[in-house]
$ cat start27.pdb   # PDB, N, CA and C atoms
ATOM      1  N   MET A   1      44.370 147.483   5.485
ATOM      2  CA  MET A   1      43.781 146.167   5.503
ATOM      3  C   MET A   1      44.778 145.125   4.985
ATOM      4  N   LEU A   2      45.453 145.418   3.897
ATOM      5  CA  LEU A   2      46.402 144.450   3.336
ATOM      6  C   LEU A   2      47.564 144.185   4.284
ATOM      7  N   PHE A   3      47.964 145.218   5.014
ATOM      8  CA  PHE A   3      49.039 145.030   5.980
ATOM      9  C   PHE A   3      48.638 144.012   7.047
ATOM     10  N   ARG A   4      47.423 144.137   7.562
ATOM     11  CA  ARG A   4      46.964 143.206   8.595
ATOM     12  C   ARG A   4      46.768 141.803   8.046
ATOM     13  N   LEU A   5      46.349 141.684   6.813
ATOM     14  CA  LEU A   5      46.260 140.355   6.201
ATOM     15  C   LEU A   5      47.654 139.740   6.057
ATOM     16  N   GLY A   6      48.625 140.548   5.693
ATOM     17  CA  GLY A   6      50.006 140.070   5.631
ATOM     18  C   GLY A   6      50.512 139.630   6.989
ATOM     19  N   CYS A   7      50.148 140.372   8.019
ATOM     20  CA  CYS A   7      50.523 139.993   9.382
ATOM     21  C   CYS A   7      49.874 138.664   9.775
ATOM     22  N   ALA A   8      48.634 138.464   9.359
ATOM     23  CA  ALA A   8      47.945 137.215   9.663
ATOM     24  C   ALA A   8      48.645 136.027   9.017
ATOM     25  N   VAL A   9      49.048 136.189   7.771
ATOM     26  CA  VAL A   9      49.762 135.101   7.082
ATOM     27  C   VAL A   9      51.109 134.855   7.752
ATOM     28  N   PHE A  10      51.823 135.930   8.082
ATOM     29  CA  PHE A  10      53.119 135.790   8.734
ATOM     30  C   PHE A  10      52.980 135.123  10.099
ATOM     31  N   ALA A  11      51.941 135.470  10.855
ATOM     32  CA  ALA A  11      51.735 134.890  12.177
ATOM     33  C   ALA A  11      51.351 133.423  12.106
ATOM     34  N   LEU A  12      50.653 133.037  11.063
ATOM     35  CA  LEU A  12      50.222 131.652  10.933
ATOM     36  C   LEU A  12      51.373 130.724  10.531
ATOM     37  N   SER A  13      52.378 131.249   9.874
ATOM     38  CA  SER A  13      53.468 130.394   9.389
ATOM     39  C   SER A  13      54.196 129.625  10.494
ATOM     40  N   PRO A  14      54.523 130.206  11.661
ATOM     41  CA  PRO A  14      55.166 129.386  12.693
ATOM     42  C   PRO A  14      54.271 128.257  13.198
ATOM     43  N   ALA A  15      52.968 128.523  13.255
ATOM     44  CA  ALA A  15      52.043 127.496  13.736
ATOM     45  C   ALA A  15      52.015 126.296  12.806
ATOM     46  N   LEU A  16      52.290 126.514  11.552
ATOM     47  CA  LEU A  16      52.238 125.428  10.577
ATOM     48  C   LEU A  16      53.525 124.615  10.517
ATOM     49  N   VAL A  17      54.649 125.197  10.915
ATOM     50  CA  VAL A  17      55.927 124.511  10.734
ATOM     51  C   VAL A  17      56.605 124.078  12.031
ATOM     52  N   THR A  18      56.128 124.522  13.166
ATOM     53  CA  THR A  18      56.807 124.187  14.420
ATOM     54  C   THR A  18      56.102 123.068  15.171
ATOM     55  N   THR A  19      56.848 122.428  16.049
ATOM     56  CA  THR A  19      56.258 121.429  16.933
ATOM     57  C   THR A  19      56.145 121.962  18.359
ATOM     58  N   LEU A  20      56.560 123.208  18.577
ATOM     59  CA  LEU A  20      56.499 123.812  19.906
ATOM     60  C   LEU A  20      55.102 124.363  20.166
ATOM     61  N   THR A  21      54.483 123.881  21.209
ATOM     62  CA  THR A  21      53.102 124.261  21.513
ATOM     63  C   THR A  21      52.925 125.760  21.732
ATOM     64  N   PRO A  22      53.799 126.439  22.492
ATOM     65  CA  PRO A  22      53.588 127.883  22.669
ATOM     66  C   PRO A  22      53.619 128.667  21.356
ATOM     67  N   ARG A  23      54.460 128.270  20.443
ATOM     68  CA  ARG A  23      54.509 128.975  19.155
ATOM     69  C   ARG A  23      53.274 128.676  18.316
ATOM     70  N   ARG A  24      52.758 127.485  18.428
ATOM     71  CA  ARG A  24      51.512 127.164  17.715
ATOM     72  C   ARG A  24      50.355 127.975  18.275
ATOM     73  N   ILE A  25      50.285 128.051  19.592
ATOM     74  CA  ILE A  25      49.220 128.839  20.227
ATOM     75  C   ILE A  25      49.302 130.283  19.763
ATOM     76  N   TRP A  26      50.504 130.855  19.845
ATOM     77  CA  TRP A  26      50.655 132.243  19.443
ATOM     78  C   TRP A  26      50.311 132.426  17.967
ATOM     79  N   GLY A  27      50.801 131.548  17.120
ATOM     80  CA  GLY A  27      50.570 131.693  15.684
ATOM     81  C   GLY A  27      49.104 131.672  15.309
ATOM     82  N   VAL A  28      48.374 130.729  15.859
ATOM     83  CA  VAL A  28      46.946 130.622  15.526
ATOM     84  C   VAL A  28      46.169 131.810  16.088
ATOM     85  N   CYS A  29      46.420 132.155  17.344
ATOM     86  CA  CYS A  29      45.700 133.282  17.954
ATOM     87  C   CYS A  29      46.015 134.588  17.245
ATOM     88  N   ALA A  30      47.286 134.824  16.967
ATOM     89  CA  ALA A  30      47.673 136.065  16.305
ATOM     90  C   ALA A  30      47.104 136.137  14.894
ATOM     91  N   ALA A  31      47.125 135.032  14.179
ATOM     92  CA  ALA A  31      46.569 135.026  12.827
ATOM     93  C   ALA A  31      45.080 135.364  12.857
ATOM     94  N   LEU A  32      44.359 134.782  13.790
ATOM     95  CA  LEU A  32      42.932 135.095  13.912
ATOM     96  C   LEU A  32      42.711 136.547  14.307
ATOM     97  N   GLY A  33      43.519 137.028  15.250
ATOM     98  CA  GLY A  33      43.393 138.427  15.686
ATOM     99  C   GLY A  33      43.655 139.403  14.549
ATOM    100  N   TYR A  34      44.697 139.159  13.767
ATOM    101  CA  TYR A  34      45.004 140.036  12.643
ATOM    102  C   TYR A  34      43.951 139.928  11.542
ATOM    103  N   ALA A  35      43.417 138.744  11.324
ATOM    104  CA  ALA A  35      42.365 138.588  10.317
ATOM    105  C   ALA A  35      41.107 139.355  10.726
ATOM    106  N   VAL A  36      40.753 139.280  11.998
ATOM    107  CA  VAL A  36      39.602 140.042  12.489
ATOM    108  C   VAL A  36      39.886 141.540  12.379
ATOM    109  N   ALA A  37      41.106 141.941  12.699
ATOM    110  CA  ALA A  37      41.477 143.356  12.578
ATOM    111  C   ALA A  37      41.382 143.823  11.129
ATOM    112  N   ALA A  38      41.797 142.983  10.197
ATOM    113  CA  ALA A  38      41.699 143.335   8.779
ATOM    114  C   ALA A  38      40.247 143.484   8.352
ATOM    115  N   GLU A  39      39.395 142.615   8.848
ATOM    116  CA  GLU A  39      37.971 142.714   8.516
ATOM    117  C   GLU A  39      37.363 143.986   9.103
ATOM    118  N   PHE A  40      37.735 144.322  10.340
ATOM    119  CA  PHE A  40      37.252 145.583  10.922
ATOM    120  C   PHE A  40      37.744 146.772  10.104
ATOM    121  N   ALA A  41      38.992 146.715   9.656
ATOM    122  CA  ALA A  41      39.538 147.808   8.846
ATOM    123  C   ALA A  41      38.798 147.907   7.512
ATOM    124  N   ARG A  42      38.427 146.784   6.954
ATOM    125  CA  ARG A  42      37.704 146.804   5.687
ATOM    126  C   ARG A  42      36.309 147.395   5.845
ATOM    127  N   ARG A  43      35.660 147.091   6.938
ATOM    128  CA  ARG A  43      34.278 147.530   7.140
ATOM    129  C   ARG A  43      34.163 148.957   7.646
ATOM    130  N   SER A  44      35.160 149.463   8.317
ATOM    131  CA  SER A  44      35.011 150.769   8.956
ATOM    132  C   SER A  44      35.744 151.843   8.167
ATOM    133  N   ARG A  45      34.996 152.792   7.720
ATOM    134  CA  ARG A  45      35.547 153.993   7.101
ATOM    135  C   ARG A  45      34.852 155.159   7.770
ATOM    136  N   PRO A  46      35.448 156.061   8.412
ATOM    137  CA  PRO A  46      36.873 156.228   8.672
ATOM    138  C   PRO A  46      37.374 155.254   9.728
ATOM    139  N   TRP A  47      38.681 155.228   9.913
ATOM    140  CA  TRP A  47      39.330 154.286  10.816
ATOM    141  C   TRP A  47      38.830 154.491  12.242
ATOM    142  N   ASN A  48      38.647 153.363  12.945
ATOM    143  CA  ASN A  48      38.365 153.429  14.371
ATOM    144  C   ASN A  48      39.275 152.430  15.076
ATOM    145  N   GLY A  49      39.211 152.368  16.371
ATOM    146  CA  GLY A  49      40.150 151.569  17.143
ATOM    147  C   GLY A  49      39.816 150.090  17.266
ATOM    148  N   ARG A  50      38.701 149.635  16.713
ATOM    149  CA  ARG A  50      38.335 148.218  16.872
ATOM    150  C   ARG A  50      39.361 147.291  16.257
ATOM    151  N   GLY A  51      39.914 147.652  15.129
ATOM    152  CA  GLY A  51      40.927 146.813  14.486
ATOM    153  C   GLY A  51      42.195 146.720  15.319
ATOM    154  N   ALA A  52      42.600 147.838  15.886
ATOM    155  CA  ALA A  52      43.799 147.834  16.730
ATOM    156  C   ALA A  52      43.585 146.995  17.979
ATOM    157  N   VAL A  53      42.412 147.084  18.554
ATOM    158  CA  VAL A  53      42.105 146.279  19.743
ATOM    159  C   VAL A  53      42.081 144.797  19.390
ATOM    160  N   ALA A  54      41.493 144.446  18.261
ATOM    161  CA  ALA A  54      41.451 143.036  17.831
ATOM    162  C   ALA A  54      42.855 142.504  17.591
ATOM    163  N   ALA A  55      43.707 143.300  16.960
ATOM    164  CA  ALA A  55      45.085 142.868  16.714
ATOM    165  C   ALA A  55      45.836 142.692  18.017
ATOM    166  N   LEU A  56      45.675 143.610  18.948
ATOM    167  CA  LEU A  56      46.353 143.512  20.242
ATOM    168  C   LEU A  56      45.864 142.306  21.038
ATOM    169  N   LEU A  57      44.571 142.099  21.078
ATOM    170  CA  LEU A  57      44.035 140.948  21.810
ATOM    171  C   LEU A  57      44.498 139.637  21.190
ATOM    172  N   GLY A  58      44.430 139.556  19.873
ATOM    173  CA  GLY A  58      44.779 138.309  19.203
ATOM    174  C   GLY A  58      46.256 137.995  19.209
ATOM    175  N   SER A  59      47.104 139.022  19.174
ATOM    176  CA  SER A  59      48.534 138.754  19.083
ATOM    177  C   SER A  59      49.253 138.772  20.421
ATOM    178  N   VAL A  60      48.639 139.324  21.457
ATOM    179  CA  VAL A  60      49.335 139.415  22.747
ATOM    180  C   VAL A  60      48.508 138.825  23.888
ATOM    181  N   VAL A  61      47.338 139.356  24.117
ATOM    182  CA  VAL A  61      46.580 139.041  25.330
ATOM    183  C   VAL A  61      46.065 137.600  25.339
ATOM    184  N   VAL A  62      45.380 137.186  24.296
ATOM    185  CA  VAL A  62      44.790 135.848  24.259
ATOM    186  C   VAL A  62      45.879 134.755  24.287
ATOM    187  N   PRO A  63      46.939 134.837  23.451
ATOM    188  CA  PRO A  63      47.951 133.781  23.523
ATOM    189  C   PRO A  63      48.641 133.724  24.881
ATOM    190  N   LEU A  64      48.909 134.889  25.459
ATOM    191  CA  LEU A  64      49.548 134.917  26.774
ATOM    192  C   LEU A  64      48.643 134.261  27.821
ATOM    193  N   ALA A  65      47.369 134.578  27.805
ATOM    194  CA  ALA A  65      46.441 133.973  28.764
ATOM    195  C   ALA A  65      46.350 132.463  28.571
ATOM    196  N   LEU A  66      46.303 132.014  27.321
ATOM    197  CA  LEU A  66      46.242 130.568  27.055
ATOM    198  C   LEU A  66      47.498 129.852  27.521
ATOM    199  N   MET A  67      48.659 130.461  27.281
ATOM    200  CA  MET A  67      49.903 129.826  27.697
ATOM    201  C   MET A  67      50.049 129.799  29.216
ATOM    202  N   ILE A  68      49.599 130.849  29.868
ATOM    203  CA  ILE A  68      49.615 130.854  31.339
ATOM    204  C   ILE A  68      48.681 129.789  31.879
ATOM    205  N   ALA A  69      47.497 129.686  31.305
ATOM    206  CA  ALA A  69      46.525 128.675  31.751
ATOM    207  C   ALA A  69      47.032 127.255  31.512
ATOM    208  N   ALA A  70      47.770 127.053  30.416
ATOM    209  CA  ALA A  70      48.281 125.730  30.095
ATOM    210  C   ALA A  70      49.577 125.415  30.839
ATOM    211  N   GLY A  71      50.152 126.433  31.469
ATOM    212  CA  GLY A  71      51.397 126.218  32.195
ATOM    213  C   GLY A  71      52.620 126.204  31.305
ATOM    214  N   GLY A  72      52.524 126.753  30.122
ATOM    215  CA  GLY A  72      53.626 126.733  29.188
ATOM    216  C   GLY A  72      54.073 128.087  28.881
TER
END
$ encode --input "start27.pdb" --output "structure tokens"
Amino acid sequence: MLFRLGCAVFALSPALVTTLTPRRIWGVCAALGYAVAAEFARRSRPWNGRGAVAALLGSVVVPLALMIAAGG
């Protein structure tokens, strides 16, 4: 859980300091995805795949789809 929270903070940092729209999109989406993954990891004992799916969707799939839709 702490690892995913660390990933969320790390992913959010580019969104806060850059003026490039694609990096902001990725940073916000990835931070949310990792935060949701951390919450799933906290709630589920034993481990299941929901956290991994949330991290993958938030850090790769959703930002890519948004950037394609925006043309960037």
$ residues_around --input "start27.pdb" --residues "Arg50 (chain A)" --least-positions-apart "5" --cutoff "7 Å" --atoms "only N, CA and C atoms" --output "PyMOL selection string"
chain A and resi 36-37+40-41+55
$ write_last_selection --input "start27.pdb" --atoms "N, CA and C atoms" --output "PDB file, in the coordinates of the input"
ATOM      1  N   VAL A  36      40.753 139.280  11.998  1.00  0.00           N
ATOM      2  CA  VAL A  36      39.602 140.042  12.489  1.00  0.00           C
ATOM      3  C   VAL A  36      39.886 141.540  12.379  1.00  0.00           C
ATOM      4  N   ALA A  37      41.106 141.941  12.699  1.00  0.00           N
ATOM      5  CA  ALA A  37      41.477 143.356  12.578  1.00  0.00           C
ATOM      6  C   ALA A  37      41.382 143.823  11.129  1.00  0.00           C
ATOM      7  N   PHE A  40      37.735 144.322  10.340  1.00  0.00           N
ATOM      8  CA  PHE A  40      37.252 145.583  10.922  1.00  0.00           C
ATOM      9  C   PHE A  40      37.744 146.772  10.104  1.00  0.00           C
ATOM     10  N   ALA A  41      38.992 146.715   9.656  1.00  0.00           N
ATOM     11  CA  ALA A  41      39.538 147.808   8.846  1.00  0.00           C
ATOM     12  C   ALA A  41      38.798 147.907   7.512  1.00  0.00           C
ATOM     13  N   ALA A  55      43.707 143.300  16.960  1.00  0.00           N
ATOM     14  CA  ALA A  55      45.085 142.868  16.714  1.00  0.00           C
ATOM     15  C   ALA A  55      45.836 142.692  18.017  1.00  0.00           C
TER      16      ALA A  55
END
$ atom_distance --input "start27.pdb" --atom1 "atom C of Pro63 (chain A)" --atom2 "CA of Asn48 (chain A)"
24.6 Å
$ resolve_selection --input "start27.pdb" --expression "the PyMOL selection byres ((chain A and resi 24-31) around 7)" --output "list in words"
Cys7, Ala8, Val9, Phe10, Ala11, Leu12, Ser13, Pro14, Ala15, Leu16, Thr18, Thr19, Leu20, Thr21, Pro22, Arg23, Leu32, Gly33, Tyr34, Ala35, Val36, Leu57, Gly58, Ser59, Val60, Val62, Pro63 and Leu64 of chain A
$ atom_distance --input "start27.pdb" --atom1 "atom N of Leu2 (chain A)" --atom2 "atom C of Leu56 (chain A)"
17.4 Å
$ select_by_dssp --input "start27.pdb" --residues "region 39-70 of chain A" --states "alpha helix (DSSP H)" --output "number ranges by chain"
A: 39-43, 50-56, 62-70
$ closest_residue --input "start27.pdb" --among "A:Leu5, A:Val53, A:Ala69, A:Val17" --to "Glu39 (chain A)" --atoms "only N, CA and C atoms"
A:Leu5
